[in-house]
>>> print(open('query00.cif').read())   # mmCIF, C-alpha atoms
data_data
loop_
_atom_site.label_atom_id
_atom_site.label_comp_id
_atom_site.auth_asym_id
_atom_site.auth_seq_id
_atom_site.Cartn_x
_atom_site.Cartn_y
_atom_site.Cartn_z
CA MET B 1 3.94 3.76 -7.18
CA GLU B 2 5.55 1.11 -4.98
CA ARG B 3 5.44 1.69 -1.21
CA SER B 4 7.90 0.45 1.32
CA VAL B 5 6.16 -1.04 4.34
CA GLU B 6 8.08 -1.40 7.58
CA PRO B 7 7.96 -4.81 9.32
CA VAL B 8 6.56 -4.61 12.86
CA PHE B 9 7.18 -8.07 14.28
CA GLY B 10 10.37 -9.90 13.37
CA GLY B 11 9.78 -9.51 9.64
CA THR B 12 6.50 -11.49 9.67
CA GLY B 13 3.98 -8.68 9.59
CA THR B 14 3.91 -5.16 8.24
CA LYS B 15 2.03 -2.05 9.32
CA GLU B 16 -0.57 -2.93 6.69
CA GLN B 17 -0.56 -6.68 7.48
CA PRO B 18 0.40 -7.23 11.11
CA PRO B 19 1.04 -10.74 12.40
CA TYR B 20 -1.76 -12.57 14.21
CA ILE B 21 -0.95 -14.27 17.52
CA SER B 22 -3.41 -16.83 18.90
CA VAL B 23 -3.66 -17.00 22.67
CA ILE B 24 -5.26 -20.21 23.87
CA GLY B 25 -6.34 -21.55 27.24
CA GLY B 26 -9.27 -22.60 29.35
CA GLY B 27 -12.70 -21.02 29.49
CA MET B 28 -12.27 -21.23 33.23
CA CYS B 29 -8.95 -20.34 34.80
CA SER B 30 -7.21 -19.39 38.01
CA ALA B 31 -6.53 -15.78 38.96
CA GLU B 32 -2.85 -16.37 38.16
CA GLU B 33 -3.68 -17.66 34.65
CA TYR B 34 -6.08 -14.74 34.09
CA ALA B 35 -3.33 -12.26 35.01
CA LEU B 36 -0.78 -14.02 32.76
CA ALA B 37 -3.21 -14.10 29.84
CA GLU B 38 -4.15 -10.44 30.31
CA GLN B 39 -0.49 -9.41 30.36
CA THR B 40 0.16 -11.61 27.30
CA GLY B 41 -2.70 -9.95 25.41
CA ARG B 42 -1.37 -6.53 26.33
CA LEU B 43 2.12 -7.41 25.06
CA VAL B 44 0.69 -8.89 21.85
CA ALA B 45 -1.10 -5.58 21.18
CA GLU B 46 1.93 -3.48 22.13
CA SER B 47 4.05 -5.50 19.70
CA GLY B 48 1.73 -4.49 16.85
CA ALA B 49 0.19 -7.94 16.41
CA VAL B 50 -3.51 -8.83 16.25
CA LEU B 51 -4.76 -11.16 18.99
CA VAL B 52 -6.85 -14.21 18.06
CA CYS B 53 -8.63 -16.32 20.68
CA GLY B 54 -11.58 -18.64 21.19
CA GLY B 55 -13.72 -15.64 22.09
CA MET B 56 -15.28 -16.81 25.31
CA GLY B 57 -14.35 -16.48 29.03
CA GLY B 58 -11.33 -17.32 31.16
CA VAL B 59 -7.96 -17.08 29.40
CA MET B 60 -9.67 -16.02 26.17
CA GLU B 61 -11.40 -13.07 27.88
CA ALA B 62 -8.26 -12.07 29.78
CA ALA B 63 -6.08 -12.04 26.64
CA ALA B 64 -8.68 -10.05 24.69
CA ARG B 65 -9.05 -7.63 27.60
CA GLY B 66 -5.29 -7.05 27.75
CA ALA B 67 -5.11 -6.44 24.00
CA LYS B 68 -8.13 -4.14 23.99
CA GLU B 69 -6.93 -2.08 26.97
CA ALA B 70 -3.54 -1.65 25.24
CA GLY B 71 -5.26 -0.28 22.12
CA GLY B 72 -4.90 -3.46 20.06
CA THR B 73 -7.29 -5.58 18.04
CA ALA B 74 -8.83 -8.81 19.32
CA ILE B 75 -10.65 -11.41 17.23
CA GLY B 76 -12.74 -14.17 18.79
CA ILE B 77 -13.64 -17.41 17.02
CA LEU B 78 -16.66 -19.00 18.71
CA PRO B 79 -17.65 -22.68 18.67
CA GLY B 80 -21.36 -21.99 18.16
CA HIS B 81 -23.64 -19.78 16.09
CA ASP B 82 -24.52 -17.16 18.72
CA ARG B 83 -22.36 -14.03 19.09
CA SER B 84 -23.93 -13.26 22.47
CA PHE B 85 -21.58 -15.80 24.09
CA ALA B 86 -18.55 -13.69 23.11
CA ASN B 87 -16.60 -11.82 25.76
CA PRO B 88 -16.99 -8.01 25.74
CA TYR B 89 -13.37 -7.24 24.80
CA LEU B 90 -13.47 -8.44 21.20
CA ASP B 91 -13.36 -6.19 18.16
CA PHE B 92 -14.51 -8.94 15.79
CA VAL B 93 -16.50 -12.09 16.55
CA LEU B 94 -16.70 -15.03 14.15
CA THR B 95 -19.18 -17.83 14.71
CA THR B 96 -18.40 -21.28 13.34
CA GLY B 97 -21.06 -23.73 14.51
CA MET B 98 -18.20 -26.24 14.65
CA GLY B 99 -17.96 -26.94 18.38
CA HIS B 100 -14.49 -28.13 19.38
CA ALA B 101 -13.47 -28.32 15.73
CA ARG B 102 -13.19 -24.51 15.87
CA ASN B 103 -9.89 -25.09 17.69
CA LEU B 104 -8.24 -25.59 14.31
CA ALA B 105 -9.59 -22.22 13.11
CA VAL B 106 -8.24 -20.52 16.24
CA VAL B 107 -4.69 -21.85 15.91
CA SER B 108 -4.39 -21.69 12.14
CA SER B 109 -5.58 -18.06 12.16
CA GLY B 110 -2.50 -17.11 14.17
CA ASP B 111 1.02 -16.96 12.80
CA ALA B 112 2.06 -18.30 16.22
CA VAL B 113 0.33 -19.58 19.36
CA ILE B 114 0.77 -18.90 23.07
CA ALA B 115 -0.88 -21.31 25.53
CA VAL B 116 -1.82 -20.27 29.07
CA GLY B 117 -3.07 -23.13 31.25
CA GLY B 118 -6.10 -24.97 29.95
CA SER B 119 -7.30 -28.53 29.79
CA TYR B 120 -7.88 -31.00 26.95
CA GLY B 121 -9.26 -28.38 24.55
CA THR B 122 -6.02 -26.43 24.95
CA LEU B 123 -4.00 -29.61 24.52
CA SER B 124 -5.82 -30.28 21.25
CA GLU B 125 -5.02 -26.73 20.09
CA ILE B 126 -1.34 -27.19 20.95
CA GLY B 127 -1.26 -30.40 18.91
CA LEU B 128 -3.14 -28.88 15.97
CA ALA B 129 -0.91 -25.80 15.96
CA ALA B 130 2.23 -27.93 15.91
CA LYS B 131 0.75 -30.16 13.20
CA VAL B 132 0.05 -27.18 10.88
CA GLY B 133 3.49 -25.67 11.56
CA ARG B 134 2.63 -22.81 13.87
CA PRO B 135 5.24 -22.01 16.53
CA VAL B 136 3.79 -22.73 19.98
CA VAL B 137 4.93 -21.27 23.29
CA ILE B 138 3.49 -22.79 26.44
CA LEU B 139 3.50 -20.18 29.17
CA LYS B 140 1.74 -22.24 31.80
CA GLY B 141 0.17 -25.65 31.63
CA TRP B 142 0.93 -28.72 29.57
CA ARG B 143 4.42 -30.21 29.39
CA LEU B 144 4.92 -32.45 26.39
CA GLN B 145 7.19 -35.47 26.06
CA HIS B 146 7.50 -37.22 22.75
CA GLU B 147 10.03 -39.71 21.38
CA GLU B 148 10.56 -37.58 18.28
CA GLY B 149 10.94 -34.36 20.28
CA THR B 150 8.72 -31.34 20.34
CA ASP B 151 10.03 -29.26 17.45
CA GLY B 152 8.20 -25.98 17.20
CA VAL B 153 7.07 -26.04 20.85
CA TRP B 154 8.83 -23.94 23.49
CA TYR B 155 8.23 -23.13 27.16
CA ALA B 156 8.33 -19.66 28.69
CA SER B 157 8.28 -18.48 32.29
CA SER B 158 6.77 -15.04 31.58
CA PRO B 159 4.64 -13.30 28.95
CA GLN B 160 7.69 -11.23 27.95
CA GLU B 161 9.73 -14.37 27.37
CA ALA B 162 6.86 -15.90 25.36
CA LEU B 163 6.79 -12.89 23.01
CA THR B 164 10.58 -12.95 22.68
CA ILE B 165 10.45 -16.62 21.66
CA ILE B 166 7.63 -15.89 19.19
CA ARG B 167 9.58 -13.00 17.64
CA GLU B 168 12.57 -15.28 17.10
CA ALA B 169 10.44 -18.15 15.77
CA LEU B 170 8.77 -15.84 13.24
CA ARG B 171 11.99 -14.15 12.13
CA PRO B 172 12.69 -15.01 8.49
CA LYS B 173 15.41 -17.61 8.22
CA PRO B 174 18.38 -16.84 5.96
CA ALA B 175 18.48 -18.76 2.69
CA GLN B 176 20.87 -21.69 2.76
#
>>> encode(input="query00.cif", output="structure tokens")
Amino acid sequence: MERSVEPVFGGTGTKEQPPYISVIGGGMCSAEEYALAEQTGRLVAESGAVLVCGGMGGVMEAAARGAKEAGGTAIGILPGHDRSFANPYLDFVLTTGMGHARNLAVVSSGDAVIAVGGSYGTLSEIGLAAKVGRPVVILKGWRLQHEEGTDGVWYASSPQEALTIIREALRPKPAQ
């Protein structure tokens, strides 16, 4: 018997396979960035998507907290081997033992990426996400300039706008 499954996020995910959205940013952040990340996590959960993050403090904790408090699912991908470094808002914790190389696992686990603040680790995640073809929305932080343009990278002024951009970026494109 074939079942029809309703898409929940711009045609990318279904109720059985929701989309994954990676939220990236610094392990230390300002109160403003924490609030933006928490609101972003909440909106990710309310949209029916699964939140993926680096699993530690700062922006990662705030996004996971927002998702968890909204009844969503949060996955953390840690750089080391010890789950005890994970923030308390995660439903699932993966250890990698890969250090900064885990940044690739974080961004390629999401169907799209939202960046909130951050430093060079976040910049590397933005670059890796763009390189592997994940849509990236920068909510606060880095501004990129490149001779060839920044295809696949957008800027948002609010968490709501970030999710709107992600929905559009993940919408299936009509066949040409």
>>> axis_aligned_box(input="query00.cif", around="segment 52-62 of chain B", padding_each_side="4 Å", output="AutoDock Vina command-line options")
--center_x -11.1 --center_y -15.4 --center_z 24.6 --size_x 16.4 --size_y 14.6 --size_z 21.1
>>> closest_residue(input="query00.cif", among="B:Ala101, B:Met60, B:Val106, B:Leu90", to="Ile77 of chain B", atoms="only C-alpha atoms")
B:Val106
>>> resolve_selection(input="query00.cif", expression="the PyMOL selection byres ((chain B and resi 133) around 12)", output="list in words")
Val107, Ser108, Ser109, Gly110, Asp111, Ala112, Val113, Ile126, Gly127, Leu128, Ala129, Ala130, Lys131, Val132, Arg134, Pro135, Val136, Thr150, Asp151, Gly152, Val153, Ala169 and Leu170 of chain B
>>> resolve_selection(input="query00.cif", expression="the PyMOL selection byres ((chain B and resi 94-99) around 7)", output="mmCIF file with C-alpha atoms, keeping the file's coordinate frame")
data_model
loop_
_atom_site.group_PDB
_atom_site.id
_atom_site.type_symbol
_atom_site.label_atom_id
_atom_site.label_comp_id
_atom_site.auth_asym_id
_atom_site.auth_seq_id
_atom_site.Cartn_x
_atom_site.Cartn_y
_atom_site.Cartn_z
ATOM 1 C CA GLY B 76 -12.740 -14.170 18.790
ATOM 2 C CA ILE B 77 -13.640 -17.410 17.020
ATOM 3 C CA LEU B 78 -16.660 -19.000 18.710
ATOM 4 C CA PRO B 79 -17.650 -22.680 18.670
ATOM 5 C CA GLY B 80 -21.360 -21.990 18.160
ATOM 6 C CA HIS B 81 -23.640 -19.780 16.090
ATOM 7 C CA ASP B 82 -24.520 -17.160 18.720
ATOM 8 C CA ARG B 83 -22.360 -14.030 19.090
ATOM 9 C CA PHE B 92 -14.510 -8.940 15.790
ATOM 10 C CA VAL B 93 -16.500 -12.090 16.550
ATOM 11 C CA HIS B 100 -14.490 -28.130 19.380
ATOM 12 C CA ALA B 101 -13.470 -28.320 15.730
ATOM 13 C CA ARG B 102 -13.190 -24.510 15.870
#
>>> atom_distance(input="query00.cif", atom1="atom CA of Ile138 of chain B", atom2="atom CA of Pro172 of chain B")
21.6 Å
>>> resolve_selection(input="query00.cif", expression="the PyMOL selection byres ((chain B and resi 140) around 9)", output="ChimeraX atom specification")
/B:33,36,115-118,138-139,141-143,155-158
>>> atom_distance(input="query00.cif", atom1="atom CA of Ala37 of chain B", atom2="atom CA of Gln160 of chain B")
11.4 Å
>>> atom_distance(input="query00.cif", atom1="atom CA of Ser22 of chain B", atom2="atom CA of Ala86 of chain B")
16.0 Å
>>> residues_around(input="query00.cif", residues="Glu46 of chain B", least_positions_apart="4", cutoff="12 Å", atoms="only C-alpha atoms", output="VMD selection string")
chain B and resid 8 to 9 18 39 to 42 50 to 51 66 to 73 160 163
>>> closest_residue(input="query00.cif", among="B:Ser30, B:Asn87, B:Gln17, B:Asn103", to="Gly48 of chain B", atoms="all atoms listed in the file")
B:Gln17
>>> closest_residue(input="query00.cif", among="B:Gly55, B:Pro19, B:Pro159, B:Gly25", to="Tyr89 of chain B", atoms="all atoms listed in the file")
B:Gly55
>>> closest_residue(input="query00.cif", among="B:Ser47, B:Glu16, B:Ala63, B:Gly54", to="Ala35 of chain B", atoms="only C-alpha atoms")
B:Ala63
>>> closest_residue(input="query00.cif", among="B:Gly58, B:Arg171, B:Ile114, B:Phe85", to="Ile24 of chain B", atoms="all atoms listed in the file")
B:Ile114
>>> build_atoms(input="query00.cif", residues="segment 14-44 of chain B", atoms="N, CA and C atoms", output="compact mmCIF listing (two decimals), in the coordinates of the input")
# COMPACT_ATOMS: atom_id res chain seq x y z
N THR B 14 3.60 -6.52 8.63
CA THR B 14 3.91 -5.16 8.24
C THR B 14 2.85 -4.27 8.88
N LYS B 15 3.04 -2.96 8.77
CA LYS B 15 2.03 -2.05 9.32
C LYS B 15 0.68 -2.30 8.67
N GLU B 16 0.68 -2.66 7.40
CA GLU B 16 -0.57 -2.93 6.69
C GLU B 16 -1.08 -4.35 6.96
N GLN B 17 -0.20 -5.29 7.21
CA GLN B 17 -0.56 -6.68 7.48
C GLN B 17 0.19 -7.16 8.72
N PRO B 18 -0.30 -6.80 9.91
CA PRO B 18 0.40 -7.23 11.11
C PRO B 18 0.27 -8.73 11.31
N PRO B 19 1.18 -9.31 12.09
CA PRO B 19 1.04 -10.74 12.40
C PRO B 19 -0.15 -10.96 13.32
N TYR B 20 -0.68 -12.16 13.31
CA TYR B 20 -1.76 -12.57 14.21
C TYR B 20 -1.16 -13.57 15.19
N ILE B 21 -1.42 -13.36 16.47
CA ILE B 21 -0.95 -14.27 17.52
C ILE B 21 -2.17 -14.84 18.22
N SER B 22 -2.30 -16.16 18.21
CA SER B 22 -3.41 -16.83 18.90
C SER B 22 -3.00 -17.10 20.33
N VAL B 23 -3.86 -16.70 21.27
CA VAL B 23 -3.66 -17.00 22.67
C VAL B 23 -4.75 -17.98 23.07
N ILE B 24 -4.32 -19.14 23.56
CA ILE B 24 -5.26 -20.21 23.87
C ILE B 24 -5.19 -20.57 25.35
N GLY B 25 -6.28 -21.13 25.85
CA GLY B 25 -6.34 -21.55 27.24
C GLY B 25 -7.77 -21.80 27.64
N GLY B 26 -7.97 -22.17 28.87
CA GLY B 26 -9.27 -22.60 29.35
C GLY B 26 -10.31 -21.50 29.44
N GLY B 27 -11.56 -21.91 29.29
CA GLY B 27 -12.70 -21.02 29.49
C GLY B 27 -12.90 -20.69 30.95
N MET B 28 -12.33 -21.51 31.80
CA MET B 28 -12.27 -21.23 33.23
C MET B 28 -10.81 -21.30 33.61
N CYS B 29 -10.37 -20.37 34.45
CA CYS B 29 -8.95 -20.34 34.80
C CYS B 29 -8.76 -19.76 36.18
N SER B 30 -7.57 -19.95 36.71
CA SER B 30 -7.21 -19.39 38.01
C SER B 30 -6.93 -17.89 37.85
N ALA B 31 -6.86 -17.20 38.99
CA ALA B 31 -6.53 -15.78 38.96
C ALA B 31 -5.13 -15.57 38.39
N GLU B 32 -4.20 -16.48 38.70
CA GLU B 32 -2.85 -16.37 38.16
C GLU B 32 -2.86 -16.50 36.63
N GLU B 33 -3.60 -17.48 36.11
CA GLU B 33 -3.68 -17.66 34.65
C GLU B 33 -4.36 -16.46 34.00
N TYR B 34 -5.39 -15.92 34.64
CA TYR B 34 -6.08 -14.74 34.09
C TYR B 34 -5.09 -13.59 33.97
N ALA B 35 -4.30 -13.35 35.03
CA ALA B 35 -3.33 -12.26 35.01
C ALA B 35 -2.26 -12.48 33.94
N LEU B 36 -1.77 -13.72 33.80
CA LEU B 36 -0.78 -14.02 32.76
C LEU B 36 -1.35 -13.80 31.37
N ALA B 37 -2.58 -14.26 31.16
CA ALA B 37 -3.21 -14.10 29.84
C ALA B 37 -3.47 -12.63 29.53
N GLU B 38 -3.90 -11.87 30.52
CA GLU B 38 -4.15 -10.44 30.31
C GLU B 38 -2.86 -9.72 29.95
N GLN B 39 -1.78 -10.02 30.67
CA GLN B 39 -0.49 -9.41 30.36
C GLN B 39 -0.01 -9.85 28.98
N THR B 40 -0.22 -11.11 28.63
CA THR B 40 0.16 -11.61 27.30
C THR B 40 -0.59 -10.85 26.22
N GLY B 41 -1.90 -10.70 26.38
CA GLY B 41 -2.70 -9.95 25.41
C GLY B 41 -2.22 -8.52 25.25
N ARG B 42 -1.88 -7.91 26.37
CA ARG B 42 -1.37 -6.53 26.33
C ARG B 42 -0.06 -6.47 25.53
N LEU B 43 0.85 -7.41 25.78
CA LEU B 43 2.12 -7.41 25.06
C LEU B 43 1.94 -7.73 23.58
N VAL B 44 0.99 -8.60 23.26
CA VAL B 44 0.69 -8.89 21.85
C VAL B 44 0.28 -7.59 21.15
